[in-house]
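File shown: final_20.cif. Contents: mmCIF, C-alpha atoms.
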data_protein
#
loop_
_atom_site.group_PDB
_atom_site.id
_atom_site.type_symbol
_atom_site.label_atom_id
_atom_site.label_comp_id
_atom_site.auth_asym_id
_atom_site.auth_seq_id
_atom_site.Cartn_x
_atom_site.Cartn_y
_atom_site.Cartn_z
ATOM 1 C CA MET A 864 0.000 0.000 0.000
ATOM 2 C CA ALA A 865 2.817 2.401 0.881
ATOM 3 C CA ILE A 866 4.430 1.833 -2.520
ATOM 4 C CA ASP A 867 1.147 2.521 -4.326
ATOM 5 C CA LEU A 868 0.516 5.661 -2.306
ATOM 6 C CA PHE A 869 3.757 7.284 -3.317
ATOM 7 C CA LYS A 870 4.045 5.905 -6.841
ATOM 8 C CA ARG A 871 4.193 8.682 -9.406
ATOM 9 C CA VAL A 872 0.931 9.328 -11.287
ATOM 10 C CA GLU A 873 0.462 10.944 -14.655
ATOM 11 C CA THR A 874 -1.579 14.095 -14.162
ATOM 12 C CA HIS A 875 -2.766 17.280 -15.767
ATOM 13 C CA LYS A 876 -1.354 20.443 -14.317
ATOM 14 C CA GLY A 877 -3.872 22.638 -12.582
ATOM 15 C CA LEU A 878 -6.591 22.531 -9.987
ATOM 16 C CA PHE A 879 -8.678 19.500 -9.151
ATOM 17 C CA ALA A 880 -12.427 19.786 -9.637
ATOM 18 C CA VAL A 881 -13.053 19.872 -5.885
ATOM 19 C CA GLU A 882 -10.560 22.739 -5.544
ATOM 20 C CA LYS A 883 -12.188 24.693 -8.349
ATOM 21 C CA ILE A 884 -15.650 24.482 -6.821
ATOM 22 C CA SER A 885 -14.202 25.416 -3.428
ATOM 23 C CA LEU A 886 -12.645 28.530 -4.958
ATOM 24 C CA VAL A 887 -15.958 29.384 -6.635
ATOM 25 C CA TYR A 888 -17.746 29.170 -3.280
ATOM 26 C CA ASN A 889 -14.910 31.164 -1.731
ATOM 27 C CA LEU A 890 -15.414 33.891 -4.345
ATOM 28 C CA ILE A 891 -19.217 33.980 -3.952
ATOM 29 C CA THR A 892 -18.999 34.383 -0.178
ATOM 30 C CA THR A 893 -16.187 36.928 -0.537
ATOM 31 C CA LEU A 894 -18.472 39.073 -2.693
ATOM 32 C CA LEU A 895 -21.226 38.690 -0.079
ATOM 33 C CA ILE A 896 -18.846 39.871 2.638
ATOM 34 C CA LEU A 897 -17.909 42.934 0.601
ATOM 35 C CA PHE A 898 -21.591 43.663 -0.040
ATOM 36 C CA MET A 899 -22.509 43.290 3.656
ATOM 37 C CA TYR A 900 -19.221 44.605 5.025
ATOM 38 C CA ASP A 901 -20.617 47.353 7.268
ATOM 39 C CA ARG A 902 -23.117 44.994 8.922
ATOM 40 C CA MET A 903 -20.756 42.133 9.763
ATOM 41 C CA ASP A 904 -18.850 41.731 13.024
ATOM 42 C CA HIS A 905 -15.442 40.702 11.693
ATOM 43 C CA PRO A 906 -15.463 40.946 7.885
ATOM 44 C CA GLY A 907 -11.750 41.652 7.761
ATOM 45 C CA ASN A 908 -10.909 38.355 9.448
ATOM 46 C CA MET A 909 -13.311 36.499 7.171
ATOM 47 C CA LEU A 910 -11.630 37.968 4.097
ATOM 48 C CA ILE A 911 -8.206 37.045 5.450
ATOM 49 C CA ASP A 912 -9.400 33.492 6.083
ATOM 50 C CA ARG A 913 -10.556 33.227 2.485
ATOM 51 C CA ALA A 914 -7.287 34.564 1.155
ATOM 52 C CA ILE A 915 -5.399 31.997 3.262
ATOM 53 C CA ILE A 916 -7.648 29.163 2.038
ATOM 54 C CA ALA A 917 -7.080 30.197 -1.578
ATOM 55 C CA GLY A 918 -3.338 30.492 -0.961
ATOM 56 C CA VAL A 919 -3.129 27.030 0.630
ATOM 57 C CA THR A 920 -5.094 25.586 -2.305
ATOM 58 C CA PHE A 921 -2.635 26.932 -4.863
ATOM 59 C CA LEU A 922 0.356 25.972 -2.711
ATOM 60 C CA LEU A 923 -0.829 22.361 -2.525
ATOM 61 C CA MET A 924 -1.336 22.373 -6.301
ATOM 62 C CA TYR A 925 2.271 23.537 -6.756
ATOM 63 C CA LEU A 926 3.631 20.921 -4.344
ATOM 64 C CA TYR A 927 1.637 18.240 -6.128
ATOM 65 C CA ARG A 928 3.218 19.208 -9.439
ATOM 66 C CA LEU A 929 6.640 18.653 -7.857
ATOM 67 C CA ALA A 930 5.714 15.174 -6.585
ATOM 68 C CA PRO A 931 2.465 13.853 -8.091
ATOM 69 C CA SER A 932 1.292 10.711 -6.334
ATOM 70 C CA LYS A 933 -1.828 9.169 -4.863
ATOM 71 C CA PHE A 934 -0.808 10.460 -1.464
ATOM 72 C CA SER A 935 -0.336 14.085 -2.560
ATOM 73 C CA ALA A 936 -3.622 13.948 -4.496
ATOM 74 C CA PHE A 937 -5.306 12.558 -1.384
ATOM 75 C CA VAL A 938 -3.906 15.388 0.753
ATOM 76 C CA ARG A 939 -5.156 18.054 -1.663
ATOM 77 C CA ILE A 940 -8.686 16.692 -1.693
ATOM 78 C CA VAL A 941 -8.861 15.907 2.027
ATOM 79 C CA VAL A 942 -7.824 19.484 2.829
ATOM 80 C CA GLN A 943 -10.795 20.785 0.846
ATOM 81 C CA MET A 944 -13.143 18.331 2.515
ATOM 82 C CA GLY A 945 -11.764 19.237 5.931
ATOM 83 C CA LEU A 946 -12.527 22.898 5.233
ATOM 84 C CA LEU A 947 -16.242 22.051 5.164
ATOM 85 C CA SER A 948 -16.124 22.297 8.952
ATOM 86 C CA TYR A 949 -15.121 25.943 8.474
ATOM 87 C CA TRP A 950 -17.660 26.739 5.769
ATOM 88 C CA TYR A 951 -20.617 25.300 7.715
ATOM 89 C CA PRO A 952 -20.745 27.690 10.727
ATOM 90 C CA ASP A 953 -19.714 30.427 8.325
ATOM 91 C CA THR A 954 -23.258 30.339 6.867
ATOM 92 C CA TYR A 955 -24.511 31.750 10.166
ATOM 93 C CA GLU A 956 -22.380 34.857 9.680
ATOM 94 C CA PHE A 957 -24.555 35.723 6.677
ATOM 95 C CA ASN A 958 -28.062 34.465 7.402
ATOM 96 C CA ARG A 959 -28.311 35.947 10.900
ATOM 97 C CA PHE A 960 -28.928 39.342 9.309
ATOM 98 C CA PHE A 961 -32.038 38.109 7.529
ATOM 99 C CA PRO A 962 -35.428 37.676 9.253
ATOM 100 C CA ASN A 963 -35.726 34.188 10.695
ATOM 101 C CA LEU A 964 -38.206 31.890 8.926
ATOM 102 C CA ASP A 965 -38.708 29.182 11.551
ATOM 103 C CA HIS A 966 -42.250 30.262 12.316
ATOM 104 C CA LEU A 967 -43.260 29.511 8.726
ATOM 105 C CA PHE A 968 -41.754 26.046 8.867
ATOM 106 C CA ALA A 969 -43.192 25.277 12.292
ATOM 107 C CA HIS A 970 -46.640 26.352 11.029
ATOM 108 C CA ALA A 971 -46.198 24.162 7.942
ATOM 109 C CA GLU A 972 -45.167 21.255 10.150
ATOM 110 C CA GLN A 973 -48.251 21.746 12.316
ATOM 111 C CA TRP A 974 -50.500 21.975 9.271
ATOM 112 C CA VAL A 975 -49.097 18.854 7.578
ATOM 113 C CA PHE A 976 -48.757 16.594 10.627
ATOM 114 C CA SER A 977 -51.180 18.238 13.087
ATOM 115 C CA SER A 978 -48.343 18.199 15.616
ATOM 116 C CA GLN A 979 -44.628 18.813 16.041
ATOM 117 C CA PRO A 980 -42.850 15.492 15.348
ATOM 118 C CA ALA A 981 -39.665 16.963 16.824
ATOM 119 C CA LEU A 982 -41.482 17.194 20.175
ATOM 120 C CA ASN A 983 -43.431 13.955 19.896
ATOM 121 C CA PHE A 984 -40.861 11.518 18.543
ATOM 122 C CA CYS A 985 -38.735 11.388 21.684
ATOM 123 C CA GLU A 986 -41.899 11.134 23.821
ATOM 124 C CA VAL A 987 -43.055 8.097 21.848
ATOM 125 C CA MET A 988 -39.634 6.413 22.238
ATOM 126 C CA PRO A 989 -38.163 7.620 25.550
ATOM 127 C CA TYR A 990 -36.141 4.447 26.054
ATOM 128 C CA TRP A 991 -32.401 4.605 26.692
ATOM 129 C CA TRP A 992 -31.638 2.164 23.885
ATOM 130 C CA ALA A 993 -33.618 4.243 21.388
ATOM 131 C CA SER A 994 -31.810 7.395 22.491
ATOM 132 C CA GLU A 995 -28.397 5.753 22.159
ATOM 133 C CA ALA A 996 -29.235 4.170 18.800
ATOM 134 C CA PHE A 997 -30.419 7.429 17.252
ATOM 135 C CA ASN A 998 -27.535 9.428 18.685
ATOM 136 C CA MET A 999 -25.116 6.796 17.392
ATOM 137 C CA GLY A 1000 -26.671 7.207 13.955
ATOM 138 C CA TYR A 1001 -26.382 10.975 14.127
ATOM 139 C CA PHE A 1002 -22.748 10.743 15.230
ATOM 140 C CA ALA A 1003 -22.029 8.368 12.322
ATOM 141 C CA TYR A 1004 -22.466 11.226 9.822
ATOM 142 C CA TYR A 1005 -18.808 12.180 9.428
ATOM 143 C CA PRO A 1006 -17.501 8.599 9.727
ATOM 144 C CA MET A 1007 -19.858 7.709 6.856
ATOM 145 C CA ILE A 1008 -18.341 10.450 4.699
ATOM 146 C CA PHE A 1009 -14.859 9.224 5.572
ATOM 147 C CA LEU A 1010 -15.626 5.559 4.897
ATOM 148 C CA VAL A 1011 -17.285 6.127 1.521
ATOM 149 C CA CYS A 1012 -14.512 8.413 0.286
ATOM 150 C CA MET A 1013 -11.791 6.078 1.582
ATOM 151 C CA PHE A 1014 -13.476 3.106 -0.095
ATOM 152 C CA VAL A 1015 -13.396 4.936 -3.431
ATOM 153 C CA PHE A 1016 -9.794 6.042 -2.863
ATOM 154 C CA ILE A 1017 -8.633 2.489 -2.160
ATOM 155 C CA ARG A 1018 -10.811 0.506 -4.558
ATOM 156 C CA ASN A 1019 -11.560 2.927 -7.413
ATOM 157 C CA PHE A 1020 -8.880 5.590 -7.355
ATOM 158 C CA ASP A 1021 -9.696 6.764 -10.875
ATOM 159 C CA GLN A 1022 -13.121 7.887 -9.573
ATOM 160 C CA PHE A 1023 -11.847 9.499 -6.385
ATOM 161 C CA GLU A 1024 -11.771 13.044 -7.751
ATOM 162 C CA LYS A 1025 -15.250 12.743 -9.269
ATOM 163 C CA ILE A 1026 -16.853 11.277 -6.151
ATOM 164 C CA THR A 1027 -15.296 13.803 -3.780
ATOM 165 C CA PHE A 1028 -16.357 16.608 -6.107
ATOM 166 C CA ILE A 1029 -19.960 15.395 -5.959
ATOM 167 C CA VAL A 1030 -19.896 15.261 -2.153
ATOM 168 C CA VAL A 1031 -18.247 18.656 -1.679
ATOM 169 C CA ASN A 1032 -20.357 20.334 -4.352
ATOM 170 C CA CYS A 1033 -23.544 19.050 -2.700
ATOM 171 C CA PHE A 1034 -22.327 20.517 0.590
ATOM 172 C CA PHE A 1035 -21.738 23.902 -1.039
ATOM 173 C CA MET A 1036 -25.173 23.923 -2.660
ATOM 174 C CA PHE A 1037 -26.737 23.200 0.724
ATOM 175 C CA TYR A 1038 -24.645 25.985 2.265
ATOM 176 C CA LEU A 1039 -25.828 28.512 -0.314
ATOM 177 C CA ILE A 1040 -29.422 27.608 0.540
ATOM 178 C CA TYR A 1041 -28.680 28.093 4.242
ATOM 179 C CA ILE A 1042 -27.257 31.556 3.650
ATOM 180 C CA PHE A 1043 -30.455 32.802 2.034
ATOM 181 C CA VAL A 1044 -33.043 30.622 3.829
ATOM 182 C CA PRO A 1045 -32.437 31.305 7.542
ATOM 183 C CA VAL A 1046 -34.075 28.426 9.410
ATOM 184 C CA ALA A 1047 -32.496 27.397 12.723
ATOM 185 C CA GLY A 1048 -34.559 24.318 13.598
ATOM 186 C CA PRO A 1049 -36.532 23.306 16.717
ATOM 187 C CA GLN A 1050 -33.524 23.085 19.032
ATOM 188 C CA PHE A 1051 -32.951 26.816 18.562
ATOM 189 C CA TYR A 1052 -36.401 28.145 17.679
ATOM 190 C CA PHE A 1053 -38.418 26.489 20.453
ATOM 191 C CA PRO A 1054 -36.298 27.944 23.290
ATOM 192 C CA ALA A 1055 -36.530 31.342 21.574
ATOM 193 C CA ILE A 1056 -40.345 31.374 21.588
ATOM 194 C CA GLY A 1057 -40.719 29.376 24.821
ATOM 195 C CA MET A 1058 -41.360 25.648 25.058
ATOM 196 C CA GLU A 1059 -44.908 26.308 26.306
ATOM 197 C CA ASN A 1060 -45.779 28.055 23.043
ATOM 198 C CA ALA A 1061 -44.155 25.314 20.988
ATOM 199 C CA GLU A 1062 -46.129 22.620 22.798
ATOM 200 C CA GLN A 1063 -49.387 24.551 22.270
ATOM 201 C CA GLY A 1064 -48.679 25.128 18.576
ATOM 202 C CA ILE A 1065 -48.166 28.882 18.913
ATOM 203 C CA PHE A 1066 -45.469 30.051 16.515
ATOM 204 C CA PHE A 1067 -44.505 33.623 15.729
ATOM 205 C CA SER A 1068 -41.799 35.546 13.946
ATOM 206 C CA ILE A 1069 -38.701 36.405 15.967
ATOM 207 C CA GLY A 1070 -37.104 38.641 13.315
ATOM 208 C CA ASP A 1071 -33.332 38.801 13.644
ATOM 209 C CA TYR A 1072 -33.312 37.275 17.149
ATOM 210 C CA PHE A 1073 -30.504 34.900 16.216
ATOM 211 C CA ASN A 1074 -28.321 37.818 15.220
ATOM 212 C CA HIS A 1075 -27.579 38.215 18.924
ATOM 213 C CA ASN A 1076 -28.700 34.906 20.505
ATOM 214 C CA GLN A 1077 -27.487 31.337 20.068
ATOM 215 C CA GLU A 1078 -29.263 29.486 22.892
ATOM 216 C CA LEU A 1079 -29.332 25.767 22.090
ATOM 217 C CA LEU A 1080 -31.953 23.424 23.509
ATOM 218 C CA PRO A 1081 -30.326 20.329 25.095
ATOM 219 C CA GLY A 1082 -31.282 17.272 23.130
ATOM 220 C CA PRO A 1083 -33.863 14.847 24.543
ATOM 221 C CA GLY A 1084 -32.994 11.277 25.384
ATOM 222 C CA TYR A 1085 -30.868 9.299 27.812
ATOM 223 C CA THR A 1086 -28.586 12.015 29.174
ATOM 224 C CA GLU A 1087 -26.132 9.495 30.671
ATOM 225 C CA GLY A 1088 -25.632 7.775 27.342
ATOM 226 C CA PHE A 1089 -22.220 7.621 25.649
ATOM 227 C CA PHE A 1090 -23.445 8.627 22.195
ATOM 228 C CA TYR A 1091 -25.856 11.167 23.661
ATOM 229 C CA ASN A 1092 -22.942 13.000 25.239
ATOM 230 C CA LEU A 1093 -20.819 12.739 22.092
ATOM 231 C CA VAL A 1094 -23.564 14.379 20.045
ATOM 232 C CA GLU A 1095 -24.420 16.921 22.731
ATOM 233 C CA GLY A 1096 -20.768 17.900 23.157
ATOM 234 C CA SER A 1097 -20.191 18.321 19.425
ATOM 235 C CA GLN A 1098 -23.344 20.402 19.066
ATOM 236 C CA GLN A 1099 -22.467 22.689 21.956
ATOM 237 C CA VAL A 1100 -19.094 23.350 20.347
ATOM 238 C CA GLY A 1101 -19.875 23.554 16.642
ATOM 239 C CA GLU A 1102 -23.625 24.077 16.158
ATOM 240 C CA ARG A 1103 -25.100 27.432 15.150
ATOM 241 C CA PRO A 1104 -28.697 28.593 14.587
ATOM 242 C CA THR A 1105 -28.456 27.857 10.884
ATOM 243 C CA ALA A 1106 -28.721 25.074 8.300
ATOM 244 C CA ALA A 1107 -32.048 23.501 9.212
ATOM 245 C CA PHE A 1108 -33.823 23.481 5.841
ATOM 246 C CA PRO A 1109 -33.283 21.244 4.021
ATOM 247 C CA SER A 1110 -31.423 18.847 6.296
ATOM 248 C CA SER A 1111 -27.877 18.388 5.000
ATOM 249 C CA HIS A 1112 -27.437 15.437 7.376
ATOM 250 C CA VAL A 1113 -30.210 13.614 5.553
ATOM 251 C CA GLY A 1114 -29.235 15.056 2.177
ATOM 252 C CA ILE A 1115 -25.509 14.324 2.251
ATOM 253 C CA SER A 1116 -25.971 10.893 3.837
ATOM 254 C CA THR A 1117 -28.457 10.062 1.064
ATOM 255 C CA VAL A 1118 -25.893 11.166 -1.522
ATOM 256 C CA LEU A 1119 -23.379 8.884 0.205
ATOM 257 C CA MET A 1120 -25.817 5.978 -0.036
ATOM 258 C CA ILE A 1121 -26.325 6.648 -3.751
ATOM 259 C CA ILE A 1122 -22.561 6.568 -4.197
ATOM 260 C CA ALA A 1123 -22.263 3.454 -2.031
ATOM 261 C CA ILE A 1124 -24.832 1.422 -3.973
ATOM 262 C CA ARG A 1125 -23.117 2.362 -7.222
ATOM 263 C CA GLN A 1126 -19.709 1.399 -5.846
ATOM 264 C CA ASN A 1127 -20.354 -1.796 -3.900
ATOM 265 C CA LYS A 1128 -23.569 -3.375 -2.632
ATOM 266 C CA TYR A 1129 -21.895 -4.646 0.533
ATOM 267 C CA LEU A 1130 -20.729 -1.137 1.389
ATOM 268 C CA PHE A 1131 -24.341 0.017 0.981
ATOM 269 C CA ILE A 1132 -25.658 -2.803 3.180
ATOM 270 C CA CYS A 1133 -23.133 -2.066 5.929
ATOM 271 C CA LEU A 1134 -23.920 1.649 5.960
ATOM 272 C CA PHE A 1135 -27.699 1.432 5.641
ATOM 273 C CA PRO A 1136 -28.499 0.829 9.360
ATOM 274 C CA PHE A 1137 -26.476 3.920 10.316
ATOM 275 C CA TYR A 1138 -28.111 5.899 7.522
ATOM 276 C CA PHE A 1139 -31.596 4.942 8.707
ATOM 277 C CA LEU A 1140 -30.807 5.848 12.324
ATOM 278 C CA LEU A 1141 -29.198 9.132 11.225
ATOM 279 C CA CYS A 1142 -32.265 10.209 9.262
ATOM 280 C CA CYS A 1143 -34.535 9.406 12.199
ATOM 281 C CA ALA A 1144 -32.158 11.105 14.632
ATOM 282 C CA THR A 1145 -32.397 14.488 12.920
ATOM 283 C CA VAL A 1146 -35.983 14.749 14.201
ATOM 284 C CA TYR A 1147 -35.515 12.723 17.396
ATOM 285 C CA ILE A 1148 -32.807 15.051 18.778
ATOM 286 C CA GLN A 1149 -34.859 18.074 17.587
ATOM 287 C CA ALA A 1150 -32.196 19.343 15.202
ATOM 288 C CA HIS A 1151 -34.745 19.468 12.359
ATOM 289 C CA TYR A 1152 -38.428 19.622 11.588
ATOM 290 C CA LEU A 1153 -39.679 16.511 9.825
ATOM 291 C CA ILE A 1154 -40.242 18.545 6.658
ATOM 292 C CA ASP A 1155 -36.537 19.476 6.778
ATOM 293 C CA ALA A 1156 -35.606 15.787 6.744
ATOM 294 C CA LEU A 1157 -38.033 14.989 3.916
ATOM 295 C CA ALA A 1158 -36.787 17.962 1.902
ATOM 296 C CA GLY A 1159 -33.194 16.856 2.489
ATOM 297 C CA PHE A 1160 -34.005 13.401 1.141
ATOM 298 C CA VAL A 1161 -35.583 14.788 -2.028
ATOM 299 C CA ALA A 1162 -32.864 17.425 -2.463
ATOM 300 C CA ALA A 1163 -30.174 14.731 -2.321
ATOM 301 C CA PHE A 1164 -31.254 13.175 -5.623
ATOM 302 C CA ILE A 1165 -31.538 16.564 -7.317
ATOM 303 C CA LEU A 1166 -28.181 17.844 -6.066
ATOM 304 C CA TYR A 1167 -26.476 14.538 -6.855
ATOM 305 C CA LEU A 1168 -27.651 14.703 -10.476
ATOM 306 C CA VAL A 1169 -26.759 18.404 -10.745
ATOM 307 C CA SER A 1170 -23.278 17.736 -9.340
ATOM 308 C CA LEU A 1171 -22.795 14.789 -11.666
ATOM 309 C CA LYS A 1172 -23.752 16.912 -14.679
ATOM 310 C CA MET A 1173 -21.516 19.765 -13.518
ATOM 311 C CA TYR A 1174 -18.561 17.404 -13.318
ATOM 312 C CA ASP A 1175 -19.273 15.875 -16.715
ATOM 313 C CA TRP A 1176 -19.704 19.283 -18.358
ATOM 314 C CA TRP A 1177 -16.883 21.209 -16.731
ATOM 315 C CA PHE A 1178 -14.415 18.626 -15.439
ATOM 316 C CA ALA A 1179 -14.955 15.617 -17.684
ATOM 317 C CA LYS A 1180 -11.211 15.270 -18.255
ATOM 318 C CA PRO A 1181 -9.973 13.978 -14.883
ATOM 319 C CA MET A 1182 -7.019 15.620 -13.197
ATOM 320 C CA ILE A 1183 -5.766 12.269 -11.899
ATOM 321 C CA LEU A 1184 -5.170 9.848 -14.740
ATOM 322 C CA TYR A 1185 -3.184 6.689 -14.142
ATOM 323 C CA ASN A 1186 -0.109 5.256 -12.478
ATOM 324 C CA VAL A 1187 3.186 5.416 -14.326
ATOM 325 C CA GLU A 1188 6.633 4.233 -13.431
ATOM 326 C CA PRO A 1189 9.229 7.003 -13.019
ATOM 327 C CA GLU A 1190 11.666 7.307 -15.918
#

Is it possible to give me this structure as structure tokens?
Amino acid sequence: MAIDLFKRVETHKGLFAVEKISLVYNLITTLLILFMYDRMDHPGNMLIDRAIIAGVTFLLMYLYRLAPSKFSAFVRIVVQMGLLSYWYPDTYEFNRFFPNLDHLFAHAEQWVFSSQPALNFCEVMPYWWASEAFNMGYFAYYPMIFLVCMFVFIRNFDQFEKITFIVVNCFFMFYLIYIFVPVAGPQFYFPAIGMENAEQGIFFSIGDYFNHNQELLPGPGYTEGFFYNLVEGSQQVGERPTAAFPSSHVGISTVLMIIAIRQNKYLFICLFPFYFLLCCATVYIQAHYLIDALAGFVAAFILYLVSLKMYDWWFAKPMILYNVEPE
């Protein structure tokens, strides 16, 4: 494996597809910062961050040209995927200036289901094993991304760039939606309006409340559970009142399952239980309204096809070609 990782590969000079789409998203958000500059808290730092990200991208491209290999290609792509953890909370820096829309989604939820599934689900299944199972599924989100991408890297290296582009591009399309559709989800909105109102089906606009408040409702379930505390700890650190509609957890995990079934049926079978628990968990832990989860599921197929077409149209000639022996 070590020999294969560092064996020289024939490659086109230039940026990988995943790097190009990252730079496009970087540029779009840079223009938004400039447009909203006077309203933002630290626009200068955000612009510096983007300049650094662009600089690192081009530096890695240059280093790859000096020593092209599977390993250096892997590093370039993993860096871009790792930056998703920066771009996600970054959406909050934009959408918090827009009027919050949670009341519309909570009303729609009440109208469609005659209740709030995010409040009722955990009441129907209050058991410790249900809590741990759903929280385990929710926590499996990033490991699922890692496993699917690593499977492609190891088993189908020639598709690695294409698959990672699809995943990252789907993330960016979700992020653009989150910037302009400010929905925080039950775990933020219900504490803002008061749990009594939420339980009675009374929902009202809170304007730009989340511009200055980030109170997060502790998740329901078995509070002594191992996976409960893993999820709760990660949410307290990295969660923001953003990115509720449509659910990217459901959307991206569905994209991963589409990739998995096309790559290897056993990979799909192994991941499916975690996928099912993850989708249920988005509502169980009150991170999303049920309509968010359903919209995420539908959006996954649309964004997957759009990303696939984008790659075929714009990046059909792969950057990573094939292994060659050094002269």

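Nearest to Arg1103 in chain A of all the residues A:Phe1073, A:Phe976, A:Tyr1004, A:Phe1043 is A:Phe1073, counting only C-alpha atoms.
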
Residues returned when the PyMOL selection byres ((chain A and resi 1026-1038) around 6) runs on this file, as a PyMOL selection string: chain A and resi 881+1023-1025+1039-1041+1166+1170

Under the rule that all atoms listed in the file are counted, which of A:His1112, A:Arg928, A:Lys933, A:Arg913 is the nearest residue to Ala1150 in chain A? A:His1112

If I put a ball of radius 12 Å at (-20.5, 42.3, 8.5) in the file's coordinates, which residues poke into it when counting only C-alpha atoms, written as a list of chain:residue names? A:Thr892, A:Thr893, A:Leu894, A:Leu895, A:Ile896, A:Leu897, A:Phe898, A:Met899, A:Tyr900, A:Asp901, A:Arg902, A:Met903, A:Asp904, A:His905, A:Pro906, A:Gly907, A:Asn908, A:Met909, A:Leu910, A:Asp953, A:Tyr955, A:Glu956, A:Phe957, A:Asn958, A:Arg959, A:Phe960, A:Asn1074

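Counting only C-alpha atoms, the residue from A:Phe968, A:Tyr990, A:Phe1164, A:Phe1051 that sits nearest to Gln1077 in chain A is A:Phe1051.
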
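Remark: for Phe1067 in chain A, the closest of the candidate residues A:Gln1149, A:Ser932, A:Asn963, A:Ser978 is A:Asn963 (distances computed over all atoms listed in the file).
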
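Of the residues under consideration (A:Leu982, A:Ile1165, A:Met988, A:Ala1061), A:Ile1165 shows the shortest atom-to-atom contact distance to Thr1117 in chain A when counting all atoms listed in the file.
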
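Atom pair CA of Gly1159 in chain A / CA of Leu947 in chain A has a distance of 17.9 Å (rounded to one decimal).
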
What's the 9 Å shell around Ala1163 in chain A, counting all atoms listed in the file, without same-chain residues fewer than 5 positions away, as an MDAnalysis selection string? chainID A and resid 1033 1111 1113:1118 1158 1168

Determine the nearest neighbour of Ile1008 in chain A from the options A:Leu1157, A:Leu1140, A:Ala880, A:Met944, counting all atoms listed in the file. A:Met944

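The neighbours of Val941 in chain A here are the residues that come within 10 Å of it, using only C-alpha atoms and leaving out any residue fewer than 3 positions away in the same chain; they are Val881, Ser935, Ala936, Phe937, Val938, Met944, Gly945, Leu946, Phe1009, Cys1012 and Thr1027 of chain A.
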
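Here, the PyMOL selection byres ((chain A and resi 965) around 9) matches Asn963, Leu964, His966, Leu967, Phe968, Ala969, His970, Pro1045, Val1046, Ala1047, Gly1048, Pro1049, Tyr1052, Phe1066, Phe1067, Ser1068 and Ile1069 of chain A.
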
So that I can see what lies close to range 916-927 of chain A, please list as a PyMOL selection string the residues with an atom at most 10 Å from it, counting all atoms listed in the file and leaving out residues fewer than 4 positions away in the same chain. chain A and resi 874+876-879+882-883+885-886+889-890+910-912+931-936+938-940+942-943+946

Given the PyMOL selection byres ((chain A and resi 998) around 10) and the file above, list the residues it selects as a ChimeraX atom specification. /A:992-997,999-1003,1082,1084-1085,1088-1095,1140-1141,1143-1145,1147-1148

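One distance worth recording is that between CA of Pro1081 in chain A and CA of Gln1099 in chain A, which is 8.8 Å.
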
Length of the CA of Ser948 in chain A to CA of Met1007 in chain A vector [Å]: 15.2 Å

Do a neighbour search on Pro980 in chain A at 10 Å with only C-alpha atoms, toss out local chain neighbours closer than 6 positions, and write the hits as a list in words. Glu972, Gln973, Glu986, Val987, Val1146, Tyr1147, Gln1149, His1151, Tyr1152, Leu1153 and Ile1154 of chain A

Show which residues sit within 9 Å of Ile1132 in chain A, as a VMD selection string. Count only C-alpha atoms, and ignore same-chain residues fewer than 5 positions away. chain A and resid 1123 to 1124 1127
